[in-house]
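**Q** The file below is start_29.pdb, PDB, C-alpha atoms and all ligand atoms:
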ATOM      1  CA  MET A  16       4.967 -29.969   8.432
ATOM      2  CA  ALA A  17       4.110 -26.807  10.403
ATOM      3  CA  PRO A  18       4.947 -27.100  14.133
ATOM      4  CA  ASP A  19       2.159 -27.045  16.680
ATOM      5  CA  TRP A  20       2.524 -23.388  17.723
ATOM      6  CA  THR A  21       1.236 -22.305  21.110
ATOM      7  CA  ILE A  22      -0.177 -18.789  20.906
ATOM      8  CA  ARG A  23      -0.480 -16.864  24.160
ATOM      9  CA  ALA A  24      -0.368 -13.315  25.521
ATOM     10  CA  MET A  25       3.079 -11.706  25.734
ATOM     11  CA  ARG A  26       4.515 -11.511  29.268
ATOM     12  CA  SER A  27       7.118  -9.230  30.743
ATOM     13  CA  GLU A  28       9.664 -12.078  30.805
ATOM     14  CA  ASP A  29       9.243 -12.549  27.004
ATOM     15  CA  VAL A  30      10.522  -9.067  26.175
ATOM     16  CA  VAL A  31      14.234 -10.027  25.969
ATOM     17  CA  ALA A  32      13.532 -12.721  23.341
ATOM     18  CA  VAL A  33      11.004 -10.517  21.527
ATOM     19  CA  SER A  34      13.490  -7.633  21.345
ATOM     20  CA  ALA A  35      16.205  -9.919  19.953
ATOM     21  CA  ILE A  36      13.861 -10.990  17.119
ATOM     22  CA  GLU A  37      12.872  -7.341  16.578
ATOM     23  CA  ARG A  38      16.533  -6.264  16.167
ATOM     24  CA  ASP A  39      17.209  -9.139  13.726
ATOM     25  CA  SER A  40      14.086  -8.323  11.705
ATOM     26  CA  PHE A  41      13.970  -4.542  11.260
ATOM     27  CA  SER A  42      16.415  -1.810  10.240
ATOM     28  CA  ASP A  43      14.660   0.620  12.631
ATOM     29  CA  PRO A  44      13.660  -1.645  15.553
ATOM     30  CA  TRP A  45      11.400  -0.711  18.445
ATOM     31  CA  PRO A  46      13.378  -0.288  21.705
ATOM     32  CA  ASP A  47      12.872  -2.905  24.467
ATOM     33  CA  SER A  48      10.992  -0.283  26.488
ATOM     34  CA  ALA A  49       8.288  -0.039  23.789
ATOM     35  CA  PHE A  50       7.346  -3.699  24.324
ATOM     36  CA  GLN A  51       7.356  -3.319  28.133
ATOM     37  CA  GLU A  52       5.084  -0.280  27.838
ATOM     38  CA  LEU A  53       2.656  -2.099  25.526
ATOM     39  CA  LEU A  54       2.047  -4.706  28.225
ATOM     40  CA  THR A  55       0.585  -2.045  30.482
ATOM     41  CA  VAL A  56      -1.839  -0.406  28.001
ATOM     42  CA  ALA A  57      -5.469  -1.534  28.112
ATOM     43  CA  ASN A  58      -6.448  -1.562  24.414
ATOM     44  CA  ARG A  59      -3.292  -3.388  23.241
ATOM     45  CA  VAL A  60      -3.139  -7.054  22.306
ATOM     46  CA  THR A  61       0.312  -8.615  22.286
ATOM     47  CA  LEU A  62       0.716 -12.253  21.308
ATOM     48  CA  VAL A  63       3.702 -14.585  21.134
ATOM     49  CA  ALA A  64       4.112 -17.943  19.377
ATOM     50  CA  ILE A  65       5.992 -20.689  21.202
ATOM     51  CA  ASP A  66       7.324 -23.730  19.356
ATOM     52  CA  PRO A  67       7.176 -27.326  20.659
ATOM     53  CA  GLU A  68      10.737 -26.902  22.038
ATOM     54  CA  ASP A  69       9.532 -23.957  24.119
ATOM     55  CA  ARG A  70      11.330 -21.371  21.986
ATOM     56  CA  LEU A  71       9.718 -17.987  21.453
ATOM     57  CA  ALA A  72       9.384 -17.977  17.668
ATOM     58  CA  GLY A  73       7.443 -14.815  16.894
ATOM     59  CA  TYR A  74       5.197 -12.055  18.133
ATOM     60  CA  LEU A  75       2.418  -9.755  17.036
ATOM     61  CA  CYS A  76       1.379  -6.429  18.569
ATOM     62  CA  ALA A  77      -1.955  -4.812  17.841
ATOM     63  CA  GLN A  78      -4.330  -2.257  19.247
ATOM     64  CA  SER A  79      -8.071  -2.112  19.206
ATOM     65  CA  VAL A  80      -9.453   1.271  18.106
ATOM     66  CA  ALA A  81     -13.197   1.715  17.532
ATOM     67  CA  ASP A  82     -14.172  -1.127  15.144
ATOM     68  CA  GLU A  83     -10.599  -1.798  13.957
ATOM     69  CA  ILE A  84      -7.799  -4.065  15.008
ATOM     70  CA  GLN A  85      -4.630  -2.161  14.038
ATOM     71  CA  ILE A  86      -1.700  -4.531  13.599
ATOM     72  CA  GLN A  87       1.423  -2.621  14.550
ATOM     73  CA  ASN A  88       4.207  -5.163  14.616
ATOM     74  CA  LEU A  89       4.802  -8.757  13.536
ATOM     75  CA  ALA A  90       8.032 -10.697  13.239
ATOM     76  CA  VAL A  91       9.290 -14.271  13.362
ATOM     77  CA  ALA A  92      12.784 -15.484  14.360
ATOM     78  CA  THR A  93      14.928 -15.868  11.251
ATOM     79  CA  GLY A  94      15.591 -19.594  11.813
ATOM     80  CA  LEU A  95      11.890 -20.385  12.268
ATOM     81  CA  ARG A  96      10.381 -18.658   9.231
ATOM     82  CA  ARG A  97       8.274 -20.320   6.515
ATOM     83  CA  ARG A  98       6.709 -22.744   9.005
ATOM     84  CA  GLY A  99       3.366 -21.028   9.378
ATOM     85  CA  CYS A 100       4.151 -19.017  12.520
ATOM     86  CA  ALA A 101       3.084 -15.597  11.181
ATOM     87  CA  ASP A 102       0.028 -17.196   9.625
ATOM     88  CA  ARG A 103      -1.014 -18.535  13.060
ATOM     89  CA  LEU A 104      -0.326 -15.243  14.844
ATOM     90  CA  LEU A 105      -2.409 -13.307  12.308
ATOM     91  CA  GLY A 106      -5.190 -15.890  12.423
ATOM     92  CA  SER A 107      -5.245 -15.602  16.225
ATOM     93  CA  ILE A 108      -5.480 -11.808  16.274
ATOM     94  CA  GLU A 109      -8.218 -11.882  13.647
ATOM     95  CA  ALA A 110     -10.182 -14.417  15.706
ATOM     96  CA  GLU A 111      -9.669 -12.247  18.800
ATOM     97  CA  GLY A 112     -10.881  -9.201  16.842
ATOM     98  CA  MET A 113     -13.969 -11.029  15.586
ATOM     99  CA  LYS A 114     -14.834 -12.108  19.141
ATOM    100  CA  CYS A 115     -14.658  -8.468  20.242
ATOM    101  CA  GLY A 116     -16.824  -7.321  17.336
ATOM    102  CA  ALA A 117     -14.073  -5.651  15.269
ATOM    103  CA  ALA A 118     -15.092  -5.077  11.646
ATOM    104  CA  TYR A 119     -11.599  -4.712  10.122
ATOM    105  CA  ALA A 120      -7.963  -5.572  10.621
ATOM    106  CA  ILE A 121      -5.654  -2.884   9.236
ATOM    107  CA  LEU A 122      -1.867  -2.574   8.943
ATOM    108  CA  ASP A 123       1.014  -0.781   7.214
ATOM    109  CA  VAL A 124       3.732  -2.604   5.324
ATOM    110  CA  ARG A 125       6.820  -1.360   3.510
ATOM    111  CA  GLU A 126       6.037  -1.620  -0.174
ATOM    112  CA  THR A 127       9.302  -3.505  -0.844
ATOM    113  CA  ASN A 128       8.646  -6.151   1.865
ATOM    114  CA  VAL A 129       7.823  -9.057  -0.437
ATOM    115  CA  ALA A 130       7.639 -11.670   2.343
ATOM    116  CA  ALA A 131       5.124  -9.695   4.403
ATOM    117  CA  LEU A 132       3.069  -8.586   1.396
ATOM    118  CA  THR A 133       2.816 -12.158   0.120
ATOM    119  CA  LEU A 134       1.744 -13.297   3.572
ATOM    120  CA  TYR A 135      -0.940 -10.606   3.953
ATOM    121  CA  LEU A 136      -2.357 -10.847   0.422
ATOM    122  CA  GLY A 137      -2.470 -14.635   0.790
ATOM    123  CA  MET A 138      -4.525 -14.184   3.969
ATOM    124  CA  GLY A 139      -7.089 -12.000   2.257
ATOM    125  CA  TYR A 140      -5.784  -8.492   2.979
ATOM    126  CA  ARG A 141      -6.206  -5.859   0.257
ATOM    127  CA  VAL A 142      -4.243  -2.719  -0.500
ATOM    128  CA  ILE A 143      -6.409   0.304   0.372
ATOM    129  CA  GLY A 144      -3.864   3.106   0.355
ATOM    130  CA  ARG A 145      -0.291   4.365   0.441
ATOM    131  CA  ARG A 146       1.545   6.524   2.972
ATOM    132  CA  ARG A 147       4.354   8.339   1.181
ATOM    133  CA  GLY A 148       7.661   8.580   3.036
ATOM    134  CA  TYR A 149       6.229   6.683   6.035
ATOM    135  CA  TYR A 150       9.447   4.798   6.817
ATOM    136  CA  ARG A 151      12.940   6.035   7.688
ATOM    137  CA  LYS A 152      16.081   3.865   7.693
ATOM    138  CA  PRO A 153      15.814   3.427   4.713
ATOM    139  CA  PRO A 154      13.208   5.910   3.525
ATOM    140  CA  GLY A 155      10.220   4.318   1.809
ATOM    141  CA  ASP A 156       6.476   4.269   1.311
ATOM    142  CA  ALA A 157       4.030   2.143   3.270
ATOM    143  CA  LEU A 158       1.095   0.364   1.722
ATOM    144  CA  VAL A 159      -2.026   0.301   3.888
ATOM    145  CA  LEU A 160      -3.738  -3.087   3.897
ATOM    146  CA  SER A 161      -7.091  -4.027   5.321
ATOM    147  CA  LYS A 162      -9.226  -7.131   5.771
ATOM    148  CA  SER A 163     -12.887  -7.342   6.667
ATOM    149  CA  LEU A 164     -13.528  -9.449   9.764
ATOM    150  CA  THR A 165     -17.301  -9.491   9.498
ATOM    151  CA  ARG A 166     -18.941 -12.710   8.368
ATOM    152  CA  SER A 167     -20.195 -11.185   5.102
ATOM    153  CA  GLY A 168     -16.804  -9.569   4.363
ATOM    154  CA  VAL A 169     -14.958 -12.846   4.937
ATOM    155  CA  ASP A 170     -17.387 -14.741   2.674
ATOM    156  CA  GLN A 171     -17.031 -12.078  -0.045
ATOM    157  CA  ALA A 172     -13.199 -12.266   0.100
ATOM    158  CA  ARG A 173     -13.317 -16.087  -0.130
ATOM    159  CA  MET A 174     -15.599 -15.876  -3.166
ATOM    160  CA  GLU A 175     -13.299 -13.368  -4.887
ATOM    161  CA  MET A 176     -10.255 -15.537  -4.156
ATOM    162  CA  SER A 177     -11.920 -18.633  -5.589
ATOM    163  CA  ASN A 178     -12.932 -16.586  -8.661
ATOM    164  CA  GLY A 179      -9.334 -15.366  -9.094
ATOM    165  CA  MET A 180     -10.332 -11.734  -8.497
ATOM    166  CA  VAL A 181      -7.702 -11.140  -5.764
ATOM    167  CA  SER A 182      -4.120 -10.650  -6.957
TER     168      SER A 182
HETATM  169  C1  LIG B   1       6.997 -11.600   7.139
HETATM  170  C2  LIG B   1       7.236 -12.660   8.226
HETATM  171  C3  LIG B   1       6.574 -12.184   9.509
HETATM  172  C4  LIG B   1       6.605 -13.990   7.787
HETATM  173  O1  LIG B   1       6.711 -14.921   8.853
HETATM  174  P1  LIG B   1       6.694 -16.506   8.600
HETATM  175  O2  LIG B   1       6.396 -17.167   9.891
HETATM  176  O3  LIG B   1       7.914 -16.903   7.904
HETATM  177  O4  LIG B   1       5.450 -16.637   7.621
HETATM  178  P2  LIG B   1       4.595 -17.981   7.350
HETATM  179  O5  LIG B   1       5.480 -19.168   7.452
HETATM  180  O6  LIG B   1       3.377 -17.947   8.206
HETATM  181  O7  LIG B   1       4.225 -17.769   5.822
HETATM  182  C5  LIG B   1       2.890 -17.827   5.348
HETATM  183  C6  LIG B   1       2.928 -17.485   3.868
HETATM  184  O8  LIG B   1       3.427 -16.149   3.677
HETATM  185  C7  LIG B   1       4.202 -16.085   2.479
HETATM  186  N1  LIG B   1       5.614 -15.820   2.777
HETATM  187  C8  LIG B   1       6.216 -15.821   3.981
HETATM  188  N2  LIG B   1       7.529 -15.524   3.838
HETATM  189  C9  LIG B   1       7.755 -15.344   2.528
HETATM  190  C10 LIG B   1       8.904 -15.026   1.766
HETATM  191  N3  LIG B   1      10.112 -14.834   2.348
HETATM  192  N4  LIG B   1       8.781 -14.916   0.417
HETATM  193  C11 LIG B   1       7.590 -15.103  -0.187
HETATM  194  N5  LIG B   1       6.454 -15.428   0.497
HETATM  195  C12 LIG B   1       6.539 -15.538   1.836
HETATM  196  C13 LIG B   1       4.046 -17.454   1.829
HETATM  197  O9  LIG B   1       2.883 -17.416   1.026
HETATM  198  C14 LIG B   1       3.857 -18.331   3.051
HETATM  199  O10 LIG B   1       3.242 -19.559   2.747
HETATM  200  P3  LIG B   1       4.172 -20.796   2.249
HETATM  201  O11 LIG B   1       5.346 -20.885   3.180
HETATM  202  O12 LIG B   1       3.237 -21.956   2.361
HETATM  203  O13 LIG B   1       4.595 -20.444   0.847
HETATM  204  C15 LIG B   1       8.763 -12.912   8.458
HETATM  205  O14 LIG B   1       9.392 -13.085   7.198
HETATM  206  C16 LIG B   1       9.455 -11.789   9.204
HETATM  207  O15 LIG B   1       9.510 -11.788  10.434
HETATM  208  N6  LIG B   1      10.015 -10.834   8.450
HETATM  209  C17 LIG B   1      10.733  -9.701   9.065
HETATM  210  C18 LIG B   1       9.798  -8.778   9.817
HETATM  211  C19 LIG B   1       8.679  -8.253   8.916
HETATM  212  O16 LIG B   1       8.890  -7.900   7.761
HETATM  213  N7  LIG B   1       7.462  -8.168   9.511
HETATM  214  C20 LIG B   1       6.288  -7.685   8.817
HETATM  215  C21 LIG B   1       6.196  -6.210   9.008
HETATM  216  S1  LIG B   1       4.764  -5.546   8.195
END
Represent the structure contained in this file as structure tokens.
**A**
Amino acid sequence: MAPDWTIRAMRSEDVVAVSAIERDSFSDPWPDSAFQELLTVANRVTLVAIDPEDRLAGYLCAQSVADEIQIQNLAVATGLRRRGCADRLLGSIEAEGMKCGAAYAILDVRETNVAALTLYLGMGYRVIGRRRGYYRKPPGDALVLSKSLTRSGVDQARMEMSNGMVS
């Protein structure tokens, strides 16, 4: 059963744990200073997930630009994956975006990242483009994924999923 995650805003004292997860999760991790800086920028939303044993399990960083929520970073501690943590973090940022009137959530993902792609497609994101050579270490393309956050867009995506139109 999925733990009862607590989702809250990232705080300065979380950055050590967040950075440790970041280094374990990515071949080209953000430096600690990038997370500290994010906490001071007005249009950024940074969330963390805390498990029932008070462990910081995962985080999500996003920014709000015009009518978009741009998801910039998401990772979960290796020992706490496949328990619905990323699902909850994404659901929370989408809900936050909808409250603020955002029309879309948008993100980039390495095209070989099966775990993340499965997660996003399962949550109703669709591939809308490709950025060639977007990643270094190792070099690779990014797929651009988007999800409508408007009521009509969400209903349309649900209908397509139930009709088997979304792969
Ligand atoms: C991608 C990542 C964030 C997923 O976090 P998570 O908390 O394990 O994901 P969830 O438990 O919420 O998974 C939800 C669904 O996503 C899919 N999924 C997650 N991990 C998967 C994997 N390794 N393989 C296949 N599908 C996977 C499944 O459909 C899963 O549902 P299920 O467990 O009921 O089958 C995590 O693997 C991670 O931190 N990876 C390294 C960093 C990264 O790649 N971040 C994304 C950058 S774009």
**Q** Mind giving me the axis-aligned box for region 35-40 of chain A with 4 Å on every side, centre plus edges in Å to one decimal, as lines of an AutoDock Vina configuration file?
**A**
center_x = 15.0
center_y = -8.6
center_z = 15.8
size_x = 12.3
size_y = 12.7
size_z = 16.2
**Q** Collect all residues with atoms no farther than 7 Å from ligand LIG 1 (chain B), counting only C-alpha atoms and all ligand atoms, and output them as JSON, numbers by chain.
**A** {"A": [40, 41, 88, 89, 90, 91, 92, 93, 95, 96, 97, 98, 99, 100, 101, 102, 103, 123, 124, 125, 128, 129, 130, 131, 133, 134, 137]}
**Q** Quick one, how far is CA of Gly155 (chain A) from CA of Val30 (chain A)?
**A**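 Computing it gives 27.8 Å between the two atoms.
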**Q** Using all atoms listed in the file, which of A:Asn58, A:Ser34, A:Thr21, A:Thr127 sits nearest Glu83 (chain A)?
**A**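 Among the listed residues, A:Asn58 lies closest to Glu83 (chain A).
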**Q** Take the PyMOL selection byres (((chain A and resi 61) around 7) and not hetatm), run it mentally on this structure, and tell me the resulting residues as a PyMOL selection string.
**A** chain A and resi 24-25+59-60+62-63+75-77
**Q** Those residues with C-alpha atoms, as a JSON list (two decimals), in the coordinates of the input please?
**A**
[["chain", "number", "residue", "atom", "x", "y", "z"],
["A", 24, "ALA", "CA", -0.37, -13.32, 25.52],
["A", 25, "MET", "CA", 3.08, -11.71, 25.73],
["A", 59, "ARG", "CA", -3.29, -3.39, 23.24],
["A", 60, "VAL", "CA", -3.14, -7.05, 22.31],
["A", 62, "LEU", "CA", 0.72, -12.25, 21.31],
["A", 63, "VAL", "CA", 3.70, -14.58, 21.13],
["A", 75, "LEU", "CA", 2.42, -9.76, 17.04],
["A", 76, "CYS", "CA", 1.38, -6.43, 18.57],
["A", 77, "ALA", "CA", -1.96, -4.81, 17.84]]
**Q** So which one's closest to Ala118 (chain A), A:Leu105, A:Asp82, A:Arg145, A:Ile22? Using all atoms listed in the file, please.
**A** A:Asp82
**Q** Measuring between all atoms listed in the file, which one of A:Thr165, A:Glu126, A:Ala35, A:Tyr135 shows the shortest distance to Arg147 (chain A)?
**A**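 Between A:Thr165, A:Glu126, A:Ala35, A:Tyr135, the residue approaching Arg147 (chain A) most closely is A:Glu126.
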**Q** Tell me, in Å to one decimal, how far CA of Arg26 (chain A) is from CA of Glu68 (chain A).
**A**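 Those two atoms sit 18.1 Å apart.
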**Q** Taking the point (-2.0, 1.3, 10.1) as given in the file, collect each protein or nucleic acid residue that comes within 10 Å of it, counting all atoms listed in the file, and present the set as a ChimeraX atom specification.
**A** /A:77,83-87,120-124,146,157-161
**Q** Atoms to include: C-alpha atoms. Write the selected residues as an mmCIF file, keeping the file's coordinate frame.
**A**
data_model
loop_
_atom_site.group_PDB
_atom_site.id
_atom_site.type_symbol
_atom_site.label_atom_id
_atom_site.label_comp_id
_atom_site.auth_asym_id
_atom_site.auth_seq_id
_atom_site.Cartn_x
_atom_site.Cartn_y
_atom_site.Cartn_z
ATOM 1 C CA ALA A 77 -1.955 -4.812 17.841
ATOM 2 C CA GLU A 83 -10.599 -1.798 13.957
ATOM 3 C CA ILE A 84 -7.799 -4.065 15.008
ATOM 4 C CA GLN A 85 -4.630 -2.161 14.038
ATOM 5 C CA ILE A 86 -1.700 -4.531 13.599
ATOM 6 C CA GLN A 87 1.423 -2.621 14.550
ATOM 7 C CA ALA A 120 -7.963 -5.572 10.621
ATOM 8 C CA ILE A 121 -5.654 -2.884 9.236
ATOM 9 C CA LEU A 122 -1.867 -2.574 8.943
ATOM 10 C CA ASP A 123 1.014 -0.781 7.214
ATOM 11 C CA VAL A 124 3.732 -2.604 5.324
ATOM 12 C CA ARG A 146 1.545 6.524 2.972
ATOM 13 C CA ALA A 157 4.030 2.143 3.270
ATOM 14 C CA LEU A 158 1.095 0.364 1.722
ATOM 15 C CA VAL A 159 -2.026 0.301 3.888
ATOM 16 C CA LEU A 160 -3.738 -3.087 3.897
ATOM 17 C CA SER A 161 -7.091 -4.027 5.321
#
